[in-house]
$ cat data-v7.csv   # CSV, C-alpha atoms
chain,number,residue,atom,x,y,z
U,1,MET,CA,123.0,212.7,307.9
U,2,PRO,CA,124.8,212.9,304.6
U,3,SER,CA,128.4,214.2,304.4
U,4,ALA,CA,128.5,218.0,304.4
U,5,ASP,CA,131.4,218.0,301.9
U,6,ARG,CA,129.1,217.1,299.1
U,7,TYR,CA,126.6,220.0,299.5
U,8,GLU,CA,126.5,223.8,299.2
U,9,SER,CA,124.6,226.1,301.5
U,10,VAL,CA,121.1,227.1,300.2
U,11,THR,CA,118.8,230.0,300.3
U,12,ILE,CA,115.1,229.2,299.8
U,13,LEU,CA,112.8,232.0,298.6
U,14,LYS,CA,109.1,231.6,299.3
U,15,PRO,CA,106.9,234.4,297.9
U,16,LEU,CA,103.6,234.5,299.8
U,17,HIS,CA,100.2,236.1,299.4
U,18,GLY,CA,97.5,235.5,302.0
U,19,ASN,CA,96.7,232.6,304.2
U,20,GLU,CA,96.1,230.0,301.5
U,21,ALA,CA,94.8,226.5,302.0
U,22,ASN,CA,97.3,224.2,303.8
U,23,LEU,CA,99.8,227.1,304.0
U,24,HIS,CA,101.2,226.2,307.4
U,25,ALA,CA,101.7,222.5,306.4
U,26,ASN,CA,103.3,223.5,303.1
U,27,LEU,CA,105.8,226.0,304.7
U,28,LEU,CA,106.5,223.6,307.6
U,29,SER,CA,107.7,221.0,305.1
U,30,PHE,CA,110.5,223.4,304.0
U,31,CYS,CA,111.5,224.1,307.6
U,32,ARG,CA,111.9,220.3,308.3
U,33,GLN,CA,114.6,219.7,305.6
U,34,ILE,CA,117.3,217.2,306.5
U,35,TYR,CA,120.4,219.0,305.1
U,36,PRO,CA,124.0,218.9,306.4
U,37,VAL,CA,125.0,222.6,305.6
U,38,PRO,CA,123.3,225.9,306.4
U,39,VAL,CA,119.9,226.7,304.9
U,40,GLN,CA,118.4,230.2,304.9
U,41,ILE,CA,114.6,230.4,304.4
U,42,ILE,CA,113.2,233.8,303.3
U,43,PHE,CA,109.5,234.4,303.3
U,44,GLY,CA,108.3,237.5,301.4
U,45,VAL,CA,105.1,239.5,301.4
U,46,GLN,CA,104.2,242.9,299.9
U,47,ASN,CA,101.6,244.0,302.4
U,48,GLN,CA,102.3,244.5,306.1
U,49,HIS,CA,98.8,243.2,306.9
U,50,ASP,CA,99.1,240.1,304.8
U,51,ALA,CA,97.4,237.1,306.4
U,52,ALA,CA,100.5,234.9,305.8
U,53,ILE,CA,102.6,236.9,308.3
U,54,PRO,CA,101.2,235.3,311.5
U,55,ILE,CA,102.0,231.8,309.9
U,56,VAL,CA,105.6,232.9,309.2
U,57,ARG,CA,106.1,234.4,312.7
U,58,GLY,CA,104.8,231.2,314.2
U,59,LEU,CA,107.4,229.2,312.2
U,60,ILE,CA,110.2,231.6,313.3
U,61,SER,CA,109.2,231.0,316.9
U,62,ALA,CA,108.9,227.2,316.4
U,63,PHE,CA,112.3,226.9,314.8
U,64,PRO,CA,114.6,229.3,316.7
U,65,ASP,CA,117.7,227.4,315.5
U,66,LYS,CA,116.7,227.9,311.8
U,67,ASP,CA,117.8,230.8,309.7
U,68,ILE,CA,114.3,232.1,308.8
U,69,GLU,CA,113.6,235.6,307.8
U,70,LEU,CA,110.4,237.6,306.8
U,71,VAL,CA,110.7,240.3,304.2
U,72,VAL,CA,107.8,242.8,304.0
U,73,ASN,CA,108.4,245.1,301.0
U,74,ALA,CA,105.8,246.7,298.8
U,75,SER,CA,108.2,247.7,296.1
U,76,MET,CA,107.1,246.8,292.5
U,77,HIS,CA,109.5,246.1,289.7
U,78,GLY,CA,107.0,245.4,286.9
U,79,SER,CA,103.5,244.0,286.5
U,80,ASN,CA,104.3,240.5,287.9
U,81,ARG,CA,103.8,240.8,291.7
U,82,LYS,CA,105.4,237.4,292.4
U,83,VAL,CA,108.6,238.4,290.6
U,84,SER,CA,108.6,241.8,292.4
U,85,ASN,CA,108.4,239.8,295.7
U,86,LEU,CA,111.3,237.6,294.6
U,87,ILE,CA,113.5,240.6,293.7
U,88,ASN,CA,112.8,242.2,297.1
U,89,MET,CA,113.6,238.9,298.9
U,90,SER,CA,116.7,238.2,296.9
U,91,ARG,CA,118.5,241.3,298.2
U,92,VAL,CA,118.9,239.6,301.6
U,93,ALA,CA,119.8,236.1,300.3
U,94,LYS,CA,123.1,234.8,301.7
U,95,HIS,CA,124.0,231.7,299.9
U,96,GLU,CA,125.2,230.6,296.4
U,97,VAL,CA,122.4,228.1,295.7
U,98,ILE,CA,119.0,229.7,295.3
U,99,VAL,CA,115.8,227.6,295.5
U,100,LEU,CA,112.4,229.1,294.6
U,101,ALA,CA,109.2,227.2,295.3
U,102,ASP,CA,105.6,228.5,295.2
U,103,SER,CA,103.7,228.8,298.4
U,104,ASP,CA,101.3,226.0,297.5
U,105,MET,CA,104.0,223.3,297.4
U,106,ARG,CA,104.7,220.6,300.0
U,107,VAL,CA,107.9,218.6,300.0
U,108,ASP,CA,109.5,215.6,301.7
U,109,PRO,CA,112.4,216.0,304.2
U,110,ASP,CA,115.0,214.9,301.6
U,111,TYR,CA,113.9,217.4,299.0
U,112,LEU,CA,116.9,219.7,299.3
U,113,LEU,CA,119.3,216.7,299.2
U,114,ARG,CA,117.8,215.5,296.0
U,115,ILE,CA,117.6,218.9,294.4
U,116,SER,CA,121.3,219.6,295.3
U,117,ASP,CA,122.4,216.3,293.9
U,118,SER,CA,120.8,217.1,290.5
U,119,LEU,CA,122.2,220.7,290.5
U,120,SER,CA,125.7,219.3,291.0
U,121,GLN,CA,125.6,217.3,287.8
U,122,PRO,CA,127.9,218.5,284.9
U,123,GLY,CA,126.3,221.1,282.7
U,124,VAL,CA,123.2,221.5,284.8
U,125,GLY,CA,122.2,225.1,285.4
U,126,LEU,CA,118.7,224.7,286.8
U,127,VAL,CA,116.7,222.0,288.5
U,128,THR,CA,112.9,221.9,288.5
U,129,CYS,CA,110.3,219.3,289.7
U,130,LEU,CA,107.2,217.6,288.4
U,131,TYR,CA,104.3,217.7,290.8
U,132,HIS,CA,101.0,216.1,291.6
U,133,GLY,CA,97.8,217.5,293.0
U,134,ASP,CA,96.7,217.5,296.6
U,135,ALA,CA,93.0,218.3,297.2
U,136,ALA,CA,92.3,220.8,300.1
U,137,ASN,CA,88.6,221.7,299.9
U,138,GLY,CA,86.4,218.8,298.8
U,139,PHE,CA,84.7,218.3,295.4
U,140,TRP,CA,86.1,221.1,293.3
U,141,SER,CA,89.6,220.8,294.6
U,142,ARG,CA,89.4,217.0,293.8
U,143,LEU,CA,88.6,218.0,290.2
U,144,ALA,CA,91.5,220.4,290.2
U,145,THR,CA,93.8,217.6,291.4
U,146,MET,CA,92.6,215.4,288.6
U,147,ALA,CA,93.6,218.1,286.0
U,148,ILE,CA,97.2,218.0,287.3
U,149,ASP,CA,97.5,214.3,287.7
U,150,PHE,CA,95.7,213.1,284.6
U,151,HIS,CA,96.2,215.9,282.1
U,152,PHE,CA,99.3,217.9,283.1
U,153,LEU,CA,101.5,215.0,284.2
U,154,PRO,CA,101.0,212.7,281.2
U,155,SER,CA,101.4,215.6,278.8
U,156,VAL,CA,104.7,216.7,280.3
U,157,ILE,CA,106.0,213.1,280.4
U,158,VAL,CA,105.2,212.6,276.7
U,159,GLY,CA,106.8,216.0,275.9
U,160,LEU,CA,109.9,215.1,277.8
U,161,ALA,CA,110.1,211.6,276.2
U,162,SER,CA,109.7,213.1,272.7
U,163,GLY,CA,112.1,215.9,273.3
U,164,LEU,CA,109.4,218.5,272.6
U,165,ALA,CA,109.2,219.9,276.1
U,166,ASN,CA,111.7,222.0,278.0
U,167,PRO,CA,109.8,222.8,281.2
U,168,SER,CA,110.7,224.9,284.2
U,169,PHE,CA,108.0,224.9,286.9
U,170,GLY,CA,107.2,227.1,289.8
U,171,SER,CA,107.0,224.0,291.9
U,172,THR,CA,110.8,224.2,292.2
U,173,ILE,CA,113.5,226.2,290.5
U,174,ALA,CA,117.0,225.7,291.9
U,175,LEU,CA,120.0,227.5,290.4
U,176,ARG,CA,123.2,229.1,291.5
U,177,ARG,CA,123.4,232.9,292.2
U,178,SER,CA,126.1,233.2,289.6
U,179,THR,CA,123.8,231.7,287.0
U,180,LEU,CA,121.0,234.0,288.0
U,181,GLU,CA,123.2,237.0,287.7
U,182,ALA,CA,124.6,235.9,284.4
U,183,ILE,CA,121.2,235.8,282.8
U,184,GLY,CA,120.1,239.2,284.1
U,185,GLY,CA,118.5,238.4,287.5
U,186,PHE,CA,114.9,238.2,288.3
U,187,GLU,CA,114.4,241.6,286.7
U,188,ILE,CA,114.2,239.9,283.2
U,189,LEU,CA,110.9,238.3,284.4
U,190,SER,CA,109.3,241.4,285.8
U,191,ASN,CA,106.5,241.6,283.2
U,192,ARG,CA,106.2,237.9,282.2
U,193,LEU,CA,103.2,235.7,282.9
U,194,ALA,CA,105.2,232.5,282.5
U,195,ASP,CA,108.0,233.7,284.7
U,196,ASP,CA,109.1,230.1,285.7
U,197,TYR,CA,109.3,229.0,282.0
U,198,ALA,CA,111.1,232.3,281.1
U,199,LEU,CA,113.7,231.7,283.7
U,200,GLY,CA,114.4,228.2,282.4
U,201,GLU,CA,114.5,229.6,278.8
U,202,ALA,CA,117.1,232.1,279.9
U,203,VAL,CA,119.2,229.4,281.5
U,204,ARG,CA,119.1,227.2,278.4
U,205,ALA,CA,120.1,230.2,276.3
U,206,HIS,CA,123.1,230.5,278.5
U,207,GLY,CA,124.2,227.0,277.4
U,208,LEU,CA,123.2,225.1,280.5
U,209,LYS,CA,120.8,222.2,280.9
U,210,ILE,CA,117.6,221.8,283.0
U,211,ALA,CA,117.4,218.7,285.2
U,212,ILE,CA,114.2,217.1,286.5
U,213,PRO,CA,114.9,214.6,289.4
U,214,PRO,CA,112.7,211.5,289.6
U,215,PHE,CA,110.3,212.5,292.3
U,216,LEU,CA,107.1,214.6,292.7
U,217,VAL,CA,106.3,217.4,295.0
U,218,ALA,CA,102.7,218.1,296.1
U,219,HIS,CA,100.7,221.0,294.8
U,220,THR,CA,97.8,222.1,297.0
U,221,CYS,CA,94.6,222.6,295.0
U,222,PRO,CA,92.5,225.1,297.1
U,223,ASP,CA,89.6,225.5,294.7
U,224,ASP,CA,86.2,225.5,296.5
U,225,SER,CA,83.9,226.5,293.6
U,226,PHE,CA,83.6,226.0,289.9
U,227,MET,CA,84.4,229.7,289.1
U,228,ARG,CA,87.6,229.6,291.2
U,229,LEU,CA,88.7,226.4,289.5
U,230,PHE,CA,87.9,227.8,286.1
U,231,ARG,CA,89.8,231.1,286.7
U,232,HIS,CA,92.8,229.2,287.9
U,233,GLU,CA,92.8,226.8,284.9
U,234,ILE,CA,92.2,229.6,282.4
U,235,ARG,CA,95.3,231.4,283.8
U,236,TRP,CA,97.4,228.2,283.5
U,237,ALA,CA,96.0,227.6,279.9
U,238,ARG,CA,96.9,231.2,278.9
U,239,THR,CA,100.4,230.6,280.4
U,240,THR,CA,100.9,227.5,278.3
U,241,ASN,CA,99.5,229.2,275.2
U,242,SER,CA,101.9,232.1,275.7
U,243,ILE,CA,104.9,229.7,275.8
U,244,ASP,CA,104.0,227.5,272.9
U,245,PRO,CA,100.9,228.5,270.9
U,246,ALA,CA,101.3,225.8,268.3
U,247,GLY,CA,101.8,223.1,270.9
U,248,TYR,CA,98.7,224.4,272.8
U,249,ILE,CA,96.6,224.2,269.7
U,250,GLY,CA,97.9,220.7,269.0
U,251,SER,CA,97.1,219.6,272.5
U,252,GLY,CA,93.5,219.6,271.4
U,253,VAL,CA,94.0,216.0,270.3
U,254,THR,CA,94.3,215.0,273.9
U,255,HIS,CA,90.7,215.8,274.6
U,256,ALA,CA,89.4,212.4,273.3
U,257,LEU,CA,86.2,212.2,275.3
U,258,PRO,CA,84.6,215.5,274.3
U,259,PHE,CA,85.4,214.9,270.7
U,260,ALA,CA,84.0,211.4,270.9
U,261,LEU,CA,80.9,212.8,272.5
U,262,MET,CA,80.5,215.3,269.7
U,263,ALA,CA,81.0,212.5,267.1
U,264,ALA,CA,78.4,210.3,268.9
U,265,LEU,CA,76.0,213.2,268.9
U,266,LEU,CA,76.5,213.8,265.1
U,267,GLN,CA,76.0,210.1,264.5
U,268,GLY,CA,72.7,210.2,266.4
U,269,PHE,CA,74.2,208.0,269.1
U,270,ASP,CA,74.2,205.0,266.8
U,271,SER,CA,76.3,201.9,267.4
U,272,PHE,CA,79.4,203.5,265.8
U,273,GLY,CA,79.1,206.7,267.7
U,274,MET,CA,78.5,204.9,271.0
U,275,GLY,CA,81.5,202.7,270.2
U,276,LEU,CA,83.7,205.7,269.9
U,277,LEU,CA,82.4,207.1,273.1
U,278,VAL,CA,83.0,203.8,275.0
U,279,VAL,CA,86.6,203.5,273.6
U,280,ALA,CA,87.4,207.1,274.5
U,281,LEU,CA,86.1,206.7,278.0
U,282,ALA,CA,88.0,203.4,278.5
U,283,CYS,CA,91.3,204.9,277.3
U,284,ARG,CA,90.9,207.9,279.7
U,285,LEU,CA,90.1,205.6,282.7
U,286,TYR,CA,93.1,203.3,281.8
U,287,LEU,CA,95.4,206.4,281.7
U,288,GLN,CA,94.2,207.4,285.2
U,289,VAL,CA,94.8,204.0,286.6
U,290,GLU,CA,98.3,203.8,285.2
U,291,VAL,CA,99.3,207.3,286.3
U,292,THR,CA,98.0,206.5,289.8
U,293,ARG,CA,99.9,203.3,290.0
U,294,SER,CA,103.1,204.6,288.4
U,295,PHE,CA,103.4,207.6,290.7
U,296,ARG,CA,101.9,205.9,293.8
U,297,LEU,CA,99.2,208.6,294.1
U,298,LEU,CA,96.1,208.4,296.1
U,299,TRP,CA,93.2,206.9,294.2
U,300,SER,CA,90.9,209.6,292.9
U,301,SER,CA,87.2,209.2,292.2
U,302,LEU,CA,87.2,207.6,288.7
U,303,TRP,CA,83.5,208.4,288.3
U,304,LEU,CA,84.5,212.1,288.1
U,305,ALA,CA,86.6,211.5,285.0
U,306,PRO,CA,84.0,212.4,282.4
U,307,LEU,CA,83.1,215.6,284.1
U,308,ARG,CA,86.8,216.4,284.6
U,309,ASP,CA,87.5,215.9,280.8
U,310,LEU,CA,84.5,218.1,279.9
U,311,ILE,CA,85.8,220.9,282.1
U,312,SER,CA,89.3,220.6,280.7
U,313,PHE,CA,87.9,220.9,277.2
U,314,SER,CA,85.9,224.1,278.2
U,315,VAL,CA,89.1,225.6,279.6
U,316,TYR,CA,91.0,224.6,276.4
U,317,ILE,CA,88.3,226.4,274.3
U,318,GLY,CA,88.0,229.3,276.7
U,319,CYS,CA,91.7,230.1,276.4
U,320,PHE,CA,91.1,231.2,272.8
U,321,VAL,CA,88.2,233.6,273.6
U,322,ARG,CA,89.5,235.1,276.8
U,323,SER,CA,92.7,237.2,276.9
U,324,LYS,CA,92.2,238.3,280.5
U,325,VAL,CA,93.5,236.4,283.5
U,326,ASP,CA,92.8,236.8,287.2
U,327,TRP,CA,95.9,236.4,289.5
U,328,ARG,CA,96.3,237.3,293.1
U,329,GLY,CA,93.2,239.5,293.2
U,330,GLN,CA,94.1,241.5,290.1
U,331,SER,CA,93.0,241.3,286.5
U,332,PHE,CA,95.6,241.3,283.6
U,333,ILE,CA,95.6,241.2,279.9
U,334,VAL,CA,98.0,238.7,278.4
U,335,LYS,CA,99.7,240.1,275.3
U,336,ALA,CA,100.9,238.0,272.4
U,337,ASP,CA,104.5,238.0,273.6
U,338,GLY,CA,103.4,236.6,277.0
U,339,THR,CA,103.8,239.8,279.0
U,340,LEU,CA,101.2,241.1,281.5
U,341,VAL,CA,99.4,244.4,281.3
U,342,PRO,CA,97.1,245.4,284.2
U,343,SER,CA,93.5,245.4,283.0
U,344,ALA,CA,92.1,249.0,283.3
U,345,THR,CA,88.6,247.6,283.7
U,346,GLY,CA,89.6,244.6,285.8
U,347,GLN,CA,87.7,244.3,289.1
U,348,GLN,CA,89.7,243.4,292.3
U,349,ARG,CA,88.6,240.0,293.4
U,350,LYS,CA,89.9,237.6,295.9
U,351,VAL,CA,91.3,234.6,294.0
U,352,GLY,CA,94.2,232.3,294.7
$ encode --input "data-v7.csv" --output "structure tokens"
Amino acid sequence: MPSADRYESVTILKPLHGNEANLHANLLSFCRQIYPVPVQIIFGVQNQHDAAIPIVRGLISAFPDKDIELVVNASMHGSNRKVSNLINMSRVAKHEVIVLADSDMRVDPDYLLRISDSLSQPGVGLVTCLYHGDAANGFWSRLATMAIDFHFLPSVIVGLASGLANPSFGSTIALRRSTLEAIGGFEILSNRLADDYALGEAVRAHGLKIAIPPFLVAHTCPDDSFMRLFRHEIRWARTTNSIDPAGYIGSGVTHALPFALMAALLQGFDSFGMGLLVVALACRLYLQVEVTRSFRLLWSSLWLAPLRDLISFSVYIGCFVRSKVDWRGQSFIVKADGTLVPSATGQQRKVG
């Protein structure tokens, strides 16, 4: 066990909504942290009948020596339900270091140690984590995983290397309570779609840096149908577009295979057009192999790469023609400034 002198006590906030795929395993990973000083874990729901509650009660029984608390509070503080949940949970937080992590994340036992080491570095005000996909439900969730591993990860890495990206992800956000209070608390995020990015933006505006430690956490991909995958990814695309519209438009150049396919079609699939298509496909496959090797990921089905790229392109285009997003069973309109407005005509539907 590392020396307790190096570390600060931590409160982990876990906003929950329903019994999602792999929820027990994901939450269990946070209960099994190897950390030398006190850790408080707060799970929060907004409905007393939420299906996540039995999972949390089971963890409380399984770890009687852990400081685990369940907060059930329906109070709303804006249109973003996740942020309202965080505000409700934060009122019972005990410790100076606050760690937020989405319910679909799974971490290794040394996660808190590595996060705390990064947060203790001079000038760092927030720590966030890159993540890889973890398929939960077969074919469609494997495709969702490939979007994270072979589109999201390379794009972020290039953005970080070029200095064009300043990310803050819901996979992990760790900061001190004093920093959170200085920027206005979670309340400043109450109507934002990209709440994680907005929190990082506020920390940077306060003159502090964001650190990204050199490891990945696992993001469960629960998608079990095309429509569920498409709705998820449209929401993520709208989030990215609300953060950096010019960058989102520019990301179109990363869709090499669909553009090569259109070029081949216009060329009548002649030798030049087919050559472009083969080169584009080879480059995409090479990228997948290198990402898999570099991050020591499980090998995905490479034969799915063309289909995955075509779906990603349809999401990219769909973002420009659809202003509505589905999130936690509700429909919202995303305004130009990135704020959420409940859709008056939105139908309640069960989505992740």
$ closest_residue --input "data-v7.csv" --among "U:Ala305, U:Asn19, U:Ser178, U:Val83" --to "U:Ala198" --atoms "all atoms listed in the file"
U:Val83
$ closest_residue --input "data-v7.csv" --among "U:Ala280, U:Val10, U:Ala246, U:Ala101" --to "U:Leu164" --atoms "only C-alpha atoms"
U:Ala246
$ closest_residue --input "data-v7.csv" --among "U:Gln288, U:Asn73, U:Gln121, U:Thr220" --to "U:Leu27" --atoms "all atoms listed in the file"
U:Thr220
$ closest_residue --input "data-v7.csv" --among "U:Ser225, U:Asp134, U:Phe272, U:Arg284" --to "U:Leu298" --atoms "all atoms listed in the file"
U:Asp134
$ closest_residue --input "data-v7.csv" --among "U:Ala218, U:Ala135, U:Ile41, U:Ile183" --to "U:Phe295" --atoms "only C-alpha atoms"
U:Ala218
$ atom_distance --input "data-v7.csv" --atom1 "atom CA of U:Pro258" --atom2 "atom CA of U:Arg296"
27.8 Å
$ residues_around --input "data-v7.csv" --residues "U:Trp236" --least-positions-apart "3" --cutoff "10 Å" --atoms "only C-alpha atoms" --output "list of chain:residue names"
U:Leu193, U:Ala194, U:Phe230, U:Arg231, U:His232, U:Glu233, U:Thr239, U:Thr240, U:Asn241, U:Ser242, U:Val315, U:Cys319, U:Val325
$ closest_residue --input "data-v7.csv" --among "U:Ala4, U:Ile115, U:Ala144, U:Val39" --to "U:Ala93" --atoms "only C-alpha atoms"
U:Val39
$ atom_distance --input "data-v7.csv" --atom1 "atom CA of U:Val289" --atom2 "atom CA of U:Leu143"
15.7 Å
$ residues_around --input "data-v7.csv" --residues "U:Leu216" --least-positions-apart "4" --cutoff "7 Å" --atoms "only C-alpha atoms" --output "list in words"
Cys129, Leu130, Tyr131 and His132 of chain U
$ residues_around --input "data-v7.csv" --residues "U:Gly275" --least-positions-apart "2" --cutoff "12 Å" --atoms "all atoms listed in the file" --output "list in words"
Leu257, Ala260, Leu261, Ala263, Ala264, Leu265, Gln267, Phe269, Asp270, Ser271, Phe272, Gly273, Leu277, Val278, Val279, Ala280, Leu281 and Ala282 of chain U
$ residues_around --input "data-v7.csv" --residues "stretch 42-52 of chain U" --least-positions-apart "4" --cutoff "9 Å" --atoms "only C-alpha atoms" --output "count of residues only"
33
$ atom_distance --input "data-v7.csv" --atom1 "atom CA of U:Tyr35" --atom2 "atom CA of U:Pro54"
26.0 Å
$ residues_near_point --input "data-v7.csv" --point "(112.8, 232.2, 286.8)" --cutoff "12 Å" --atoms "all atoms listed in the file" --output "ChimeraX atom specification"
/U:13,80,82-84,86-87,98-102,125-128,167-177,179-181,183-204
$ residues_around --input "data-v7.csv" --residues "U:Asp65" --least-positions-apart "4" --cutoff "12 Å" --atoms "all atoms listed in the file" --output "number ranges by chain"
U: 31-32, 38-41, 59-61, 69
$ build_atoms --input "data-v7.csv" --residues "stretch 20-46 of chain U" --atoms "N, CA and C atoms" --output "short mmCIF file (atom, residue, chain, number, x, y, z; two decimals), keeping the file's coordinate frame"
data_model
loop_
_atom_site.label_atom_id
_atom_site.label_comp_id
_atom_site.auth_asym_id
_atom_site.auth_seq_id
_atom_site.Cartn_x
_atom_site.Cartn_y
_atom_site.Cartn_z
N GLU U 20 96.72 230.94 302.42
CA GLU U 20 96.10 230.00 301.50
C GLU U 20 95.86 228.66 302.19
N ALA U 21 95.08 227.83 301.52
CA ALA U 21 94.80 226.50 302.00
C ALA U 21 96.06 225.71 302.28
N ASN U 22 96.17 225.08 303.43
CA ASN U 22 97.30 224.20 303.80
C ASN U 22 98.64 225.00 303.86
N LEU U 23 98.58 226.32 304.00
CA LEU U 23 99.80 227.10 304.00
C LEU U 23 100.78 226.70 305.07
N HIS U 24 100.29 226.53 306.27
CA HIS U 24 101.20 226.20 307.40
C HIS U 24 101.89 224.85 307.11
N ALA U 25 101.15 223.85 306.68
CA ALA U 25 101.70 222.50 306.40
C ALA U 25 102.76 222.62 305.27
N ASN U 26 102.44 223.40 304.25
CA ASN U 26 103.30 223.50 303.10
C ASN U 26 104.66 224.19 303.52
N LEU U 27 104.57 225.31 304.25
CA LEU U 27 105.80 226.00 304.70
C LEU U 27 106.56 225.19 305.70
N LEU U 28 105.84 224.49 306.56
CA LEU U 28 106.50 223.60 307.60
C LEU U 28 107.38 222.59 306.91
N SER U 29 106.96 222.07 305.77
CA SER U 29 107.70 221.00 305.10
C SER U 29 109.11 221.54 304.66
N PHE U 30 109.22 222.82 304.38
CA PHE U 30 110.50 223.40 304.00
C PHE U 30 111.38 223.65 305.23
N CYS U 31 110.76 223.87 306.36
CA CYS U 31 111.50 224.10 307.60
C CYS U 31 112.06 222.78 308.17
N ARG U 32 111.55 221.65 307.72
CA ARG U 32 111.90 220.30 308.30
C ARG U 32 112.89 219.58 307.35
N GLN U 33 113.62 220.30 306.53
CA GLN U 33 114.60 219.70 305.60
C GLN U 33 115.75 219.05 306.37
N ILE U 34 116.13 217.85 305.96
CA ILE U 34 117.30 217.20 306.50
C ILE U 34 118.47 217.55 305.54
N TYR U 35 119.33 218.45 305.97
CA TYR U 35 120.40 219.00 305.10
C TYR U 35 121.59 219.31 305.92
N PRO U 36 122.79 218.88 305.50
CA PRO U 36 124.00 218.90 306.40
C PRO U 36 124.68 220.29 306.46
N VAL U 37 124.30 221.24 305.62
CA VAL U 37 125.00 222.60 305.60
C VAL U 37 123.89 223.64 305.79
N PRO U 38 124.30 224.89 306.05
CA PRO U 38 123.30 225.90 306.40
C PRO U 38 122.25 226.15 305.28
N VAL U 39 121.03 226.38 305.76
CA VAL U 39 119.90 226.70 304.90
C VAL U 39 119.24 227.97 305.44
N GLN U 40 119.10 228.95 304.59
CA GLN U 40 118.40 230.20 304.90
C GLN U 40 117.02 230.11 304.21
N ILE U 41 115.95 230.41 304.94
CA ILE U 41 114.60 230.40 304.40
C ILE U 41 114.09 231.87 304.47
N ILE U 42 113.74 232.45 303.31
CA ILE U 42 113.20 233.80 303.30
C ILE U 42 111.77 233.76 302.79
N PHE U 43 110.86 234.22 303.64
CA PHE U 43 109.50 234.40 303.30
C PHE U 43 109.22 235.83 302.93
N GLY U 44 108.52 236.08 301.84
CA GLY U 44 108.30 237.50 301.40
C GLY U 44 106.84 237.78 301.16
N VAL U 45 106.40 238.95 301.66
CA VAL U 45 105.10 239.50 301.40
C VAL U 45 105.20 240.93 300.97
N GLN U 46 104.16 241.47 300.37
CA GLN U 46 104.20 242.90 299.90
C GLN U 46 103.26 243.78 300.67
#
